[in-house]
$ cat start.txt   # compact mmCIF, N, CA and C atoms
# COMPACT_ATOMS: atom_id res chain seq x y z
N MET A 148 15.94 -1.62 -11.34
CA MET A 148 16.07 -3.06 -11.36
C MET A 148 15.11 -3.70 -10.36
N MET A 149 14.99 -3.12 -9.19
CA MET A 149 14.13 -3.69 -8.16
C MET A 149 12.66 -3.65 -8.60
N LYS A 150 12.30 -2.62 -9.36
CA LYS A 150 10.92 -2.50 -9.84
C LYS A 150 10.57 -3.68 -10.74
N TRP A 151 11.48 -4.09 -11.61
CA TRP A 151 11.22 -5.20 -12.53
C TRP A 151 11.13 -6.53 -11.78
N VAL A 152 11.89 -6.66 -10.71
CA VAL A 152 11.82 -7.88 -9.91
C VAL A 152 10.46 -7.98 -9.23
N LYS A 153 9.96 -6.87 -8.73
CA LYS A 153 8.64 -6.87 -8.10
C LYS A 153 7.55 -7.19 -9.12
N ILE A 154 7.65 -6.60 -10.31
CA ILE A 154 6.65 -6.86 -11.35
C ILE A 154 6.70 -8.33 -11.78
N ALA A 155 7.91 -8.87 -11.94
CA ALA A 155 8.04 -10.29 -12.32
C ALA A 155 7.47 -11.20 -11.24
N GLY A 156 7.71 -10.86 -9.98
CA GLY A 156 7.15 -11.65 -8.88
C GLY A 156 5.64 -11.61 -8.86
N LEU A 157 5.07 -10.44 -9.10
CA LEU A 157 3.62 -10.30 -9.13
C LEU A 157 3.02 -11.10 -10.28
N VAL A 158 3.64 -11.04 -11.44
CA VAL A 158 3.15 -11.80 -12.59
C VAL A 158 3.23 -13.30 -12.30
N PHE A 159 4.30 -13.75 -11.65
CA PHE A 159 4.45 -15.16 -11.31
C PHE A 159 3.36 -15.61 -10.34
N VAL A 160 3.11 -14.83 -9.31
CA VAL A 160 2.09 -15.20 -8.33
C VAL A 160 0.71 -15.22 -8.97
N LEU A 161 0.41 -14.23 -9.79
CA LEU A 161 -0.90 -14.20 -10.44
C LEU A 161 -1.06 -15.32 -11.45
N SER A 162 0.03 -15.73 -12.09
CA SER A 162 -0.08 -16.87 -13.01
C SER A 162 -0.33 -18.16 -12.24
N LEU A 163 0.18 -18.27 -11.02
CA LEU A 163 -0.12 -19.46 -10.21
C LEU A 163 -1.58 -19.49 -9.80
N ILE A 164 -2.18 -18.32 -9.60
CA ILE A 164 -3.59 -18.27 -9.24
C ILE A 164 -4.45 -18.76 -10.40
N THR A 165 -4.05 -18.46 -11.62
CA THR A 165 -4.87 -18.83 -12.78
C THR A 165 -4.61 -20.25 -13.26
N LEU A 166 -3.65 -20.97 -12.69
CA LEU A 166 -3.37 -22.34 -13.12
C LEU A 166 -4.56 -23.28 -13.01
N PRO A 167 -5.45 -23.17 -12.03
CA PRO A 167 -6.60 -24.08 -12.00
C PRO A 167 -7.50 -23.96 -13.23
N ALA A 168 -7.40 -22.89 -13.98
CA ALA A 168 -8.22 -22.76 -15.18
C ALA A 168 -7.84 -23.80 -16.21
N PHE A 169 -6.63 -24.32 -16.15
CA PHE A 169 -6.18 -25.32 -17.12
C PHE A 169 -6.38 -26.75 -16.63
N ALA A 170 -6.86 -26.91 -15.42
CA ALA A 170 -7.06 -28.24 -14.87
C ALA A 170 -8.34 -28.85 -15.42
N GLN A 171 -8.34 -30.15 -15.60
CA GLN A 171 -9.53 -30.85 -16.05
C GLN A 171 -10.22 -31.48 -14.85
N PRO A 172 -11.55 -31.50 -14.87
CA PRO A 172 -12.25 -32.13 -13.75
C PRO A 172 -12.04 -33.65 -13.80
N PRO A 173 -11.97 -34.30 -12.64
CA PRO A 173 -11.77 -35.75 -12.65
C PRO A 173 -12.99 -36.47 -13.21
N ALA A 174 -12.74 -37.54 -13.94
CA ALA A 174 -13.82 -38.33 -14.51
C ALA A 174 -14.45 -39.18 -13.41
N LYS A 175 -15.77 -39.32 -13.46
CA LYS A 175 -16.49 -40.11 -12.47
C LYS A 175 -16.77 -41.49 -13.07
N GLY A 176 -16.36 -42.51 -12.38
CA GLY A 176 -16.59 -43.87 -12.86
C GLY A 176 -15.51 -44.33 -13.81
N ASP A 177 -15.67 -45.56 -14.30
CA ASP A 177 -14.67 -46.14 -15.17
C ASP A 177 -14.94 -45.85 -16.64
N GLY A 178 -16.18 -45.70 -17.03
CA GLY A 178 -16.54 -45.61 -18.45
C GLY A 178 -16.34 -44.23 -19.03
N GLN A 179 -16.01 -44.20 -20.31
CA GLN A 179 -15.85 -42.93 -21.04
C GLN A 179 -17.21 -42.26 -21.22
N ALA A 180 -18.26 -43.05 -21.34
CA ALA A 180 -19.59 -42.49 -21.56
C ALA A 180 -20.05 -41.69 -20.35
N GLN A 181 -19.69 -42.15 -19.16
CA GLN A 181 -20.07 -41.40 -17.97
C GLN A 181 -19.35 -40.07 -17.90
N ALA A 182 -18.09 -40.04 -18.29
CA ALA A 182 -17.32 -38.80 -18.24
C ALA A 182 -17.85 -37.81 -19.26
N GLU A 183 -18.30 -38.30 -20.42
CA GLU A 183 -18.84 -37.39 -21.43
C GLU A 183 -20.21 -36.88 -21.05
N ALA A 184 -20.98 -37.68 -20.33
CA ALA A 184 -22.34 -37.28 -19.97
C ALA A 184 -22.36 -36.29 -18.81
N ALA A 185 -21.31 -36.27 -18.01
CA ALA A 185 -21.28 -35.38 -16.85
C ALA A 185 -21.10 -33.94 -17.31
N PRO A 186 -21.94 -33.02 -16.80
CA PRO A 186 -21.79 -31.62 -17.20
C PRO A 186 -20.53 -31.00 -16.58
N ALA A 187 -19.91 -30.12 -17.33
CA ALA A 187 -18.70 -29.45 -16.84
C ALA A 187 -19.11 -28.34 -15.88
N THR A 188 -18.54 -28.36 -14.70
CA THR A 188 -18.82 -27.31 -13.72
C THR A 188 -17.53 -26.54 -13.44
N SER A 189 -17.67 -25.28 -13.23
CA SER A 189 -16.50 -24.44 -12.94
C SER A 189 -16.27 -24.41 -11.44
N SER A 190 -15.03 -24.61 -11.07
CA SER A 190 -14.71 -24.51 -9.65
C SER A 190 -14.54 -23.03 -9.30
N PRO A 191 -14.63 -22.70 -8.03
CA PRO A 191 -14.46 -21.30 -7.63
C PRO A 191 -13.08 -20.74 -7.98
N LEU A 192 -12.05 -21.59 -8.00
CA LEU A 192 -10.72 -21.10 -8.34
C LEU A 192 -10.62 -20.71 -9.81
N ILE A 193 -11.31 -21.45 -10.67
CA ILE A 193 -11.31 -21.11 -12.10
C ILE A 193 -12.01 -19.77 -12.30
N VAL A 194 -13.14 -19.59 -11.62
CA VAL A 194 -13.87 -18.32 -11.73
C VAL A 194 -13.02 -17.18 -11.18
N PHE A 195 -12.35 -17.41 -10.06
CA PHE A 195 -11.50 -16.38 -9.47
C PHE A 195 -10.33 -16.04 -10.39
N GLY A 196 -9.71 -17.06 -10.98
CA GLY A 196 -8.60 -16.83 -11.90
C GLY A 196 -9.02 -16.04 -13.13
N GLY A 197 -10.18 -16.39 -13.69
CA GLY A 197 -10.69 -15.65 -14.84
C GLY A 197 -11.03 -14.20 -14.50
N ALA A 198 -11.59 -14.00 -13.32
CA ALA A 198 -11.93 -12.64 -12.89
C ALA A 198 -10.67 -11.81 -12.66
N ILE A 199 -9.65 -12.40 -12.03
CA ILE A 199 -8.39 -11.69 -11.81
C ILE A 199 -7.74 -11.36 -13.15
N GLY A 200 -7.75 -12.32 -14.07
CA GLY A 200 -7.17 -12.09 -15.40
C GLY A 200 -7.89 -10.98 -16.14
N ALA A 201 -9.24 -11.00 -16.10
CA ALA A 201 -10.01 -9.96 -16.77
C ALA A 201 -9.72 -8.58 -16.17
N GLY A 202 -9.62 -8.52 -14.86
CA GLY A 202 -9.30 -7.24 -14.20
C GLY A 202 -7.93 -6.73 -14.59
N MET A 203 -6.95 -7.64 -14.64
CA MET A 203 -5.60 -7.23 -15.02
C MET A 203 -5.55 -6.74 -16.47
N VAL A 204 -6.31 -7.39 -17.34
CA VAL A 204 -6.35 -6.98 -18.74
C VAL A 204 -6.92 -5.57 -18.88
N ILE A 205 -8.01 -5.30 -18.19
CA ILE A 205 -8.64 -3.99 -18.27
C ILE A 205 -7.74 -2.91 -17.68
N ILE A 206 -7.13 -3.21 -16.55
CA ILE A 206 -6.23 -2.23 -15.93
C ILE A 206 -5.04 -1.95 -16.84
N GLY A 207 -4.45 -3.00 -17.41
CA GLY A 207 -3.31 -2.82 -18.31
C GLY A 207 -3.65 -2.04 -19.56
N GLY A 208 -4.79 -2.34 -20.16
CA GLY A 208 -5.21 -1.61 -21.35
C GLY A 208 -5.49 -0.14 -21.05
N GLY A 209 -6.16 0.11 -19.94
CA GLY A 209 -6.44 1.50 -19.56
C GLY A 209 -5.18 2.27 -19.26
N TYR A 210 -4.23 1.63 -18.60
CA TYR A 210 -2.96 2.28 -18.29
C TYR A 210 -2.19 2.59 -19.57
N GLY A 211 -2.16 1.64 -20.48
CA GLY A 211 -1.44 1.84 -21.75
C GLY A 211 -2.03 2.98 -22.57
N ILE A 212 -3.34 3.00 -22.70
CA ILE A 212 -3.98 4.06 -23.47
C ILE A 212 -3.82 5.40 -22.77
N GLY A 213 -3.85 5.42 -21.43
CA GLY A 213 -3.62 6.66 -20.69
C GLY A 213 -2.22 7.21 -20.91
N ILE A 214 -1.23 6.33 -20.92
CA ILE A 214 0.16 6.76 -21.17
C ILE A 214 0.28 7.30 -22.59
N ILE A 215 -0.33 6.64 -23.54
CA ILE A 215 -0.27 7.12 -24.94
C ILE A 215 -0.88 8.52 -25.04
N GLY A 216 -2.04 8.71 -24.40
CA GLY A 216 -2.68 10.02 -24.45
C GLY A 216 -1.85 11.11 -23.80
N ALA A 217 -1.27 10.79 -22.65
CA ALA A 217 -0.45 11.78 -21.93
C ALA A 217 0.78 12.17 -22.74
N ARG A 218 1.44 11.18 -23.31
CA ARG A 218 2.64 11.48 -24.11
C ARG A 218 2.29 12.24 -25.39
N ALA A 219 1.15 11.92 -25.97
CA ALA A 219 0.74 12.62 -27.18
C ALA A 219 0.44 14.09 -26.89
N VAL A 220 -0.24 14.35 -25.79
CA VAL A 220 -0.54 15.74 -25.43
C VAL A 220 0.74 16.52 -25.15
N GLU A 221 1.69 15.87 -24.46
CA GLU A 221 2.98 16.53 -24.21
C GLU A 221 3.71 16.82 -25.52
N SER A 222 3.68 15.88 -26.44
CA SER A 222 4.35 16.08 -27.73
C SER A 222 3.71 17.18 -28.54
N ILE A 223 2.38 17.24 -28.53
CA ILE A 223 1.68 18.30 -29.27
C ILE A 223 1.97 19.65 -28.64
N ALA A 224 2.08 19.71 -27.31
CA ALA A 224 2.40 20.97 -26.65
C ALA A 224 3.80 21.45 -27.02
N ARG A 225 4.73 20.52 -27.21
CA ARG A 225 6.10 20.91 -27.56
C ARG A 225 6.25 21.28 -29.03
N GLN A 226 5.55 20.54 -29.90
CA GLN A 226 5.64 20.81 -31.34
C GLN A 226 4.24 20.83 -31.94
N PRO A 227 3.56 21.97 -31.88
CA PRO A 227 2.18 22.04 -32.39
C PRO A 227 2.08 21.83 -33.89
N GLU A 228 3.17 22.04 -34.62
CA GLU A 228 3.08 21.91 -36.09
C GLU A 228 2.93 20.47 -36.55
N VAL A 229 3.26 19.50 -35.73
CA VAL A 229 3.12 18.09 -36.11
C VAL A 229 1.97 17.41 -35.35
N ALA A 230 1.00 18.20 -34.95
CA ALA A 230 -0.12 17.68 -34.15
C ALA A 230 -0.91 16.63 -34.92
N GLY A 231 -1.10 16.82 -36.21
CA GLY A 231 -1.86 15.85 -37.00
C GLY A 231 -1.20 14.48 -37.04
N ASN A 232 0.11 14.48 -37.26
CA ASN A 232 0.83 13.20 -37.30
C ASN A 232 0.82 12.51 -35.94
N ILE A 233 0.96 13.28 -34.88
CA ILE A 233 0.97 12.70 -33.53
C ILE A 233 -0.40 12.12 -33.20
N GLN A 234 -1.45 12.86 -33.58
CA GLN A 234 -2.80 12.38 -33.32
C GLN A 234 -3.09 11.09 -34.06
N THR A 235 -2.66 11.01 -35.31
CA THR A 235 -2.88 9.80 -36.09
C THR A 235 -2.16 8.61 -35.47
N ALA A 236 -0.92 8.79 -35.09
CA ALA A 236 -0.16 7.71 -34.46
C ALA A 236 -0.78 7.31 -33.12
N MET A 237 -1.27 8.31 -32.38
CA MET A 237 -1.89 8.02 -31.09
C MET A 237 -3.16 7.19 -31.27
N ILE A 238 -3.99 7.55 -32.22
CA ILE A 238 -5.25 6.84 -32.44
C ILE A 238 -4.99 5.41 -32.91
N ILE A 239 -4.02 5.23 -33.80
CA ILE A 239 -3.69 3.87 -34.27
C ILE A 239 -3.16 3.03 -33.12
N SER A 240 -2.28 3.58 -32.31
CA SER A 240 -1.73 2.83 -31.18
C SER A 240 -2.81 2.48 -30.16
N ALA A 241 -3.69 3.43 -29.87
CA ALA A 241 -4.77 3.16 -28.91
C ALA A 241 -5.72 2.11 -29.45
N ALA A 242 -6.00 2.12 -30.75
CA ALA A 242 -6.87 1.12 -31.34
C ALA A 242 -6.25 -0.27 -31.28
N LEU A 243 -4.95 -0.36 -31.50
CA LEU A 243 -4.27 -1.66 -31.41
C LEU A 243 -4.29 -2.19 -29.98
N ILE A 244 -4.05 -1.31 -29.01
CA ILE A 244 -4.09 -1.73 -27.61
C ILE A 244 -5.50 -2.16 -27.22
N GLU A 245 -6.49 -1.43 -27.69
CA GLU A 245 -7.87 -1.78 -27.37
C GLU A 245 -8.26 -3.13 -27.99
N GLY A 246 -7.79 -3.39 -29.19
CA GLY A 246 -8.08 -4.68 -29.82
C GLY A 246 -7.47 -5.84 -29.08
N VAL A 247 -6.22 -5.70 -28.69
CA VAL A 247 -5.55 -6.77 -27.93
C VAL A 247 -6.21 -6.93 -26.56
N THR A 248 -6.61 -5.83 -25.94
CA THR A 248 -7.28 -5.88 -24.65
C THR A 248 -8.61 -6.61 -24.76
N PHE A 249 -9.36 -6.31 -25.81
CA PHE A 249 -10.65 -6.98 -26.00
C PHE A 249 -10.46 -8.48 -26.23
N PHE A 250 -9.45 -8.85 -27.01
CA PHE A 250 -9.18 -10.26 -27.26
C PHE A 250 -8.80 -10.97 -25.98
N ALA A 251 -7.92 -10.36 -25.18
CA ALA A 251 -7.50 -10.98 -23.92
C ALA A 251 -8.67 -11.08 -22.94
N LEU A 252 -9.52 -10.07 -22.91
CA LEU A 252 -10.70 -10.11 -22.05
C LEU A 252 -11.64 -11.24 -22.47
N LEU A 253 -11.80 -11.43 -23.76
CA LEU A 253 -12.63 -12.49 -24.27
C LEU A 253 -12.08 -13.86 -23.87
N ILE A 254 -10.76 -14.03 -23.96
CA ILE A 254 -10.14 -15.27 -23.55
C ILE A 254 -10.37 -15.52 -22.05
N CYS A 255 -10.23 -14.48 -21.23
CA CYS A 255 -10.46 -14.63 -19.78
C CYS A 255 -11.92 -15.01 -19.50
N LEU A 256 -12.84 -14.40 -20.20
CA LEU A 256 -14.24 -14.71 -19.97
C LEU A 256 -14.60 -16.11 -20.47
N LEU A 257 -13.96 -16.55 -21.55
CA LEU A 257 -14.21 -17.91 -22.03
C LEU A 257 -13.68 -18.96 -21.06
N SER A 258 -12.63 -18.62 -20.33
CA SER A 258 -12.11 -19.57 -19.36
C SER A 258 -13.09 -19.79 -18.21
N LEU A 259 -13.99 -18.84 -18.00
CA LEU A 259 -14.99 -19.00 -16.94
C LEU A 259 -16.03 -20.05 -17.31
N TYR A 260 -16.28 -20.24 -18.60
CA TYR A 260 -17.35 -21.13 -19.05
C TYR A 260 -16.81 -22.41 -19.67
N SER A 261 -15.55 -22.74 -19.45
CA SER A 261 -15.01 -23.97 -20.02
C SER A 261 -15.25 -25.15 -19.12

$ encode --input "start.txt" --output "structure tokens"
Amino acid sequence: MMKWVKIAGLVFVLSLITLPAFAQPPAKGDGQAQAEAAPATSSPLIVFGGAIGAGMVIIGGGYGIGIIGARAVESIARQPEVAGNIQTAMIISAALIEGVTFFALLICLLSLYS
């Protein structure tokens, strides 16, 4: 139970770090034309939040695929006759995790250039 509380606290703190990525820069002047003409610049907090998010995504994806591989090898060692089925399930699961990881990484990198 304590482990989940620590993980939830860490996720909460890291989500607070990435909140500046959703902030809009203040408009300069009264006119709408001036606000549209001003180039969008990224603040250091947005860049830091995107970098932290990208790092977390890569670490999570690597950890997930590592766990899948370890469990698959253990399962094949226990029941070698079903090695083909285990390998197929492992490859499909790893591909799904890699796809979601790539999508999340892309979202984090796009937040750097918004």

$ atom_distance --input "start.txt" --atom1 "atom CA of Gly208 of chain A" --atom2 "atom C of Ile244 of chain A"
5.9 Å

$ atom_distance --input "start.txt" --atom1 "atom C of Ala155 of chain A" --atom2 "atom C of Arg218 of chain A"
27.9 Å

$ atom_distance --input "start.txt" --atom1 "atom CA of Ala201 of chain A" --atom2 "atom CA of Gly213 of chain A"
18.2 Å

$ residues_around --input "start.txt" --residues "segment 247-254 of chain A" --least-positions-apart "4" --cutoff "6.5 Å" --atoms "all atoms listed in the file" --output "ChimeraX atom specification"
/A:201,204,208,242-243,258-259

$ residues_around --input "start.txt" --residues "Gly197 of chain A" --least-positions-apart "5" --cutoff "6.5 Å" --atoms "only N, CA and C atoms" --output "list in words"
Thr165, Leu192, Gly202, Cys255, Leu256, Ser258 and Leu259 of chain A

$ write_last_selection --input "start.txt" --atoms "N, CA and C atoms" --output "short mmCIF file (atom, residue, chain, number, x, y, z; two decimals), in the coordinates of the input"
data_model
loop_
_atom_site.label_atom_id
_atom_site.label_comp_id
_atom_site.auth_asym_id
_atom_site.auth_seq_id
_atom_site.Cartn_x
_atom_site.Cartn_y
_atom_site.Cartn_z
N THR A 165 -4.05 -18.46 -11.62
CA THR A 165 -4.87 -18.83 -12.78
C THR A 165 -4.61 -20.25 -13.26
N LEU A 192 -12.05 -21.59 -8.00
CA LEU A 192 -10.72 -21.10 -8.34
C LEU A 192 -10.62 -20.71 -9.81
N GLY A 202 -9.62 -8.52 -14.86
CA GLY A 202 -9.30 -7.24 -14.20
C GLY A 202 -7.93 -6.73 -14.59
N CYS A 255 -10.23 -14.48 -21.23
CA CYS A 255 -10.46 -14.63 -19.78
C CYS A 255 -11.92 -15.01 -19.50
N LEU A 256 -12.84 -14.40 -20.20
CA LEU A 256 -14.24 -14.71 -19.97
C LEU A 256 -14.60 -16.11 -20.47
N SER A 258 -12.63 -18.62 -20.33
CA SER A 258 -12.11 -19.57 -19.36
C SER A 258 -13.09 -19.79 -18.21
N LEU A 259 -13.99 -18.84 -18.00
CA LEU A 259 -14.99 -19.00 -16.94
C LEU A 259 -16.03 -20.05 -17.31
#

$ residues_near_point --input "start.txt" --point "(0.0, 13.9, -28.9)" --cutoff "8 Å" --atoms "all atoms listed in the file" --output "JSON, numbers by chain"
{"A": [215, 216, 217, 218, 219, 220, 221, 222, 223, 224, 229, 230, 231, 232, 233, 234, 235, 236, 237]}
